[in-house]
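**Q** One structure is given below, represented as C-alpha cells, and several questions about it will come after.
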Amino acid sequence: MTITHPPTATDGATISAPDLVAGFPFPFPNEIYRYSTNVEPARGAVPTPAGQWGTAVVDVDSEYGAELAERAAILERDPSRSAVLPHMDVAAWDAMLCLMRELALSRPESFGLELLDPTGPGGARPSYRWRNDLLAIDHVFTLGDATSLPAPPLAWIAGQVQEDIVLLDQRDGVLHGDAGVVTFAADWSFGFDVGMTFLEIHGPVPRIHAEGVITRAHEFLLNLQPNETYRRTNWTLTIGRRLDVSTELYPEWGPDREMVQTLDDDAFGRLVHLRTEVQHLIRLPESGAVMFLIRSYMLPFADLARVEPWRARAAHVIAELPEDMADYKGIAKYRHRAAAWLREFPHH
Ligand code: HEM
C-alpha cells in the first residue's frame, strides 16, 4: 500500500508496526453506528488522520508472513475451514486468477501474472506464469488443469492472500455460500455455514431482517455485473491480537470476555483491539459466482487512542451502540469499560 500522508499521529513507540496504524481502516464514518447496506465501489482511497486505506482490493501489509503461517497452521489442525462443493470448480479457478490479478495490481514489484499462451498446450486452455516474490513462487500453470498446480486452486491462492474467501453460487435467483477458505472468522463458523443461502447465513444477525438490510443487500449482489467490485466494512472488538475467533474455538477465547474486566488499565488498552473487516464483493466473470473477501485488521486501543479523532469517535460509537447489537457482537460485558477507557485516555 502506498501511504501518501505521513503518519503524523503515531510519533513514538506504538505496539503495532507503523504501517498497521497508517493503513488502519477506521470503521466509523458517523457519530453513531447502525446496520445498513453500506456498499460502495472499491479501490477509492480513504484518507484518515493517520494515513489512508482502500486503494487495494487485496491488501498486503507487514503481517503477510505471520498471517499466512497462521492460516496454514489453522488449516492443518482443522480442514473444515476450507471447502469447495463439487460444482464450484470453475469458480475456484476464476477466484484464483482474479486474486492473482489483484495482487499484481496492488504490488507489481512483488507479484506478476503473465499470459504465456492464450490457447495453451493442446490448443485448448491458456497457460500463465505466476510470480510471488514474497513467497519465492515462480510457477507456470494451465488454466483448469489441476495437475499443473501444487495445490487445488482455491487452497493455493488462499495461502498467498491475507483475506478470507467465500464464493457464492447464484442459482434460481439465490446466492449460496458453496466454497471458501475462512480461517479468521469473527464469531461464526464457515464449516457450519457452507452450502447455506445468503439469507440463512445472516439468520443470527438482529435487526437486519426486519429493517430489510439483508434483502436489499441480496438484491444488490444478484445484480452485480461481471468484474464489478464493491466493498463494505464491518467491525467488532477482539481481545488480544487473535485472528481466529471462530465458533469452533469459542472455549479458548470466550472466557476472555470475563477476564478482560479484571485487567488494569494498561493491560486493558494493550489487549482490547478494534477489529475492522474490509469486505470486497466481486462478480467473477467466467463462473458468475460472487467472491466475498474478508480482510481483518486489528488495532489495540493503546494505539487507536493516540489518534485523537479515532479515540473520540470510537468512544462515542461504542458507548451509544444499542444493547442488542452489542450483545450480538459479543462485547456487551465490557463495552462500557472500553468506551470509558477511550474517553479518559491518557488520564487513567
Ligand atoms: C452487501 C452485502 C452484505 C451486507 C450488507 C451484510 C451485512 C451483515 C451484517 C450487518 C452483519 C452483522 C455484523 C455484526 O454485527 O458484526 C453480518 C454478519 C455476517 N455476514 Fe454479512 N453482509 C453482506 C455480505 C455478506 C456475504 C456475501 C457473506 C458471505 C458469506 C456474509 C457473511 C456474513 C456472516 C457469516 C456473518 C456472521 C453471521 C453469524 O453471526 O453467524 N455477509 N453481515
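Naming scheme: A, B, ... for chains in displayed order of the C-alpha cells; residues 1 onward per chain; ligands 1 onward as shown.
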So which residues are near ligand 1, meaning at most 6 Å away with only C-alpha atoms and all ligand atoms counted, given back as a list of chain:residue names?
**A** A:Tyr35, A:Thr37, A:Asn38, A:Val39, A:Val166, A:Gly177, A:Trp188, A:Ile201, A:His202, A:Pro204, A:Val205, A:Ile214, A:Ala217, A:Trp235, A:Thr236, A:Phe292, A:Lys329
**Q** At a cut-off of 7 Å, using only C-alpha atoms, what residues contact range 130-144 of chain A? Leave out same-chain residues fewer than 2 positions from it and give the result as a list in words.
**A**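 Listing them by chain and then by number gives Trp93, Ser110, Phe111, Gly112, Leu113, Glu114, Gly120, Arg125, Pro126, Ser127, Tyr128, Ala146, Ser148 and Leu149 of chain A.
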**Q** Work out how far CA of Glu31 in chain A is from CA of Asp324 in chain A, in Å to one decimal.
**A**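 Here the two named atoms are 18.4 Å from each other.
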**Q** Using only C-alpha atoms, which protein or nucleic acid residues come within 7 Å of range 295-304 of chain A? Drop anything in the same chain fewer than 6 positions from it, and give the result as a ChimeraX atom specification.
**A** /A:14-15,24,162-164,241,269-279,310-311
**Q** Using the selection just defined, write its residues with N, CA and C atoms as a short mmCIF file (atom, residue, chain, number, x, y, z; two decimals), in the first residue's frame.
**A**
```cif
data_model
loop_
_atom_site.label_atom_id
_atom_site.label_comp_id
_atom_site.auth_asym_id
_atom_site.auth_seq_id
_atom_site.Cartn_x
_atom_site.Cartn_y
_atom_site.Cartn_z
N THR A 14 4.60 2.68 19.07
CA THR A 14 3.28 2.08 19.13
C THR A 14 3.48 0.58 19.28
N ILE A 15 2.43 -0.10 19.72
CA ILE A 15 2.51 -1.56 19.83
C ILE A 15 2.56 -2.16 18.43
N PHE A 24 -4.70 1.57 8.86
CA PHE A 24 -5.87 1.02 9.55
C PHE A 24 -7.17 1.61 8.99
N GLN A 162 -3.97 -12.45 2.53
CA GLN A 162 -4.36 -12.36 3.94
C GLN A 162 -5.89 -12.41 4.10
N GLU A 163 -6.61 -12.26 3.00
CA GLU A 163 -8.07 -12.26 3.04
C GLU A 163 -8.65 -13.66 3.26
N ASP A 164 -9.75 -13.74 4.00
CA ASP A 164 -10.61 -14.92 3.97
C ASP A 164 -11.45 -14.82 2.71
N ARG A 241 -4.53 -9.97 20.03
CA ARG A 241 -4.42 -9.94 18.57
C ARG A 241 -4.71 -11.35 18.05
N GLY A 269 -5.79 -1.61 27.68
CA GLY A 269 -5.51 -0.87 26.44
C GLY A 269 -4.64 -1.63 25.47
N ARG A 270 -3.82 -2.51 25.99
CA ARG A 270 -2.97 -3.31 25.11
C ARG A 270 -3.72 -4.50 24.53
N LEU A 271 -4.67 -5.02 25.30
CA LEU A 271 -5.34 -6.26 24.88
C LEU A 271 -6.59 -6.04 24.04
N VAL A 272 -7.38 -5.01 24.37
CA VAL A 272 -8.63 -4.82 23.62
C VAL A 272 -8.30 -4.16 22.28
N HIS A 273 -8.76 -4.79 21.21
CA HIS A 273 -8.49 -4.33 19.85
C HIS A 273 -9.78 -3.93 19.15
N LEU A 274 -9.72 -2.83 18.41
CA LEU A 274 -10.78 -2.55 17.44
C LEU A 274 -10.47 -3.38 16.20
N ARG A 275 -11.45 -4.17 15.80
CA ARG A 275 -11.24 -5.08 14.65
C ARG A 275 -12.14 -4.62 13.51
N THR A 276 -11.54 -4.25 12.40
CA THR A 276 -12.31 -3.85 11.22
C THR A 276 -12.19 -4.93 10.17
N GLU A 277 -13.32 -5.28 9.59
CA GLU A 277 -13.29 -6.15 8.41
C GLU A 277 -13.54 -5.29 7.19
N VAL A 278 -12.61 -5.29 6.24
CA VAL A 278 -12.88 -4.70 4.93
C VAL A 278 -13.31 -5.85 4.04
N GLN A 279 -14.53 -5.76 3.55
CA GLN A 279 -15.12 -6.86 2.77
C GLN A 279 -15.29 -6.41 1.33
N TRP A 310 -9.88 9.37 16.19
CA TRP A 310 -10.30 7.97 16.32
C TRP A 310 -10.73 7.68 17.77
N ARG A 311 -9.95 8.20 18.72
CA ARG A 311 -10.25 7.98 20.14
C ARG A 311 -11.64 8.50 20.47
#
```
**Q** Point out the residue among A:Glu67, A:His280, A:Leu20, A:Trp253 with the least atom-to-atom distance to Arg232 in chain A, counting only C-alpha atoms.
**A**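 Using only C-alpha atoms, Arg232 in chain A sits closest to A:His280.
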**Q** For Gly44 in chain A, which of A:Val57, A:Met325, A:Val260, A:Ala179 is the closest residue, counting only C-alpha atoms?
**A**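 Distance minimum relative to Gly44 in chain A lands on A:Val57.
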**Q** From a DSSP pass on the backbone, collect the residues of range 74-160 of chain A flagged as helix (DSSP H, G or I) and hand them back as number ranges by chain.
**A** A: 74-77, 79-81, 86-106, 121-123, 133-135, 146-148, 153-158
**Q** Go ahead and save the picked residues with C-alpha atoms, as a compact mmCIF listing (two decimals), in the first residue's frame.
**A**
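Result file follows (part19.txt):
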```txt
# COMPACT_ATOMS: atom_id res chain seq x y z
CA ILE A 74 -5.24 -23.50 11.37
CA LEU A 75 -5.99 -25.46 8.19
CA GLU A 76 -3.62 -28.20 9.29
CA ARG A 77 -5.47 -28.55 12.62
CA PRO A 79 -9.56 -28.82 7.48
CA SER A 80 -13.27 -27.88 7.82
CA ARG A 81 -12.20 -24.21 7.42
CA PRO A 86 -18.10 -30.11 -6.49
CA HIS A 87 -19.98 -27.66 -8.75
CA MET A 88 -17.66 -24.81 -7.64
CA ASP A 89 -14.57 -25.92 -9.53
CA VAL A 90 -14.81 -23.24 -12.26
CA ALA A 91 -15.48 -20.58 -9.61
CA ALA A 92 -12.35 -21.66 -7.72
CA TRP A 93 -10.17 -21.15 -10.83
CA ASP A 94 -11.93 -17.88 -11.51
CA ALA A 95 -11.23 -16.74 -7.95
CA MET A 96 -7.59 -17.74 -8.18
CA LEU A 97 -7.00 -15.73 -11.36
CA CYS A 98 -8.87 -12.73 -10.01
CA LEU A 99 -6.84 -12.72 -6.77
CA MET A 100 -3.58 -13.06 -8.69
CA ARG A 101 -4.51 -10.07 -10.85
CA GLU A 102 -5.42 -8.03 -7.78
CA LEU A 103 -2.14 -8.89 -6.04
CA ALA A 104 -0.20 -7.89 -9.15
CA LEU A 105 -2.19 -4.65 -9.37
CA SER A 106 -1.56 -3.66 -5.75
CA PRO A 121 -0.78 -26.77 -24.85
CA GLY A 122 -3.12 -28.90 -26.92
CA GLY A 123 -4.74 -25.74 -28.26
CA ASP A 133 8.40 -12.97 -4.77
CA LEU A 134 7.31 -12.70 -1.13
CA LEU A 135 6.87 -16.48 -1.02
CA ALA A 146 -5.41 -29.20 -11.54
CA THR A 147 -2.29 -31.27 -12.19
CA SER A 148 -0.45 -28.07 -13.21
CA PRO A 153 -6.67 -23.51 -6.97
CA LEU A 154 -8.63 -22.00 -4.07
CA ALA A 155 -6.39 -23.56 -1.42
CA TRP A 156 -3.27 -22.45 -3.30
CA ILE A 157 -4.28 -18.82 -3.61
CA ALA A 158 -5.70 -18.71 -0.06
```
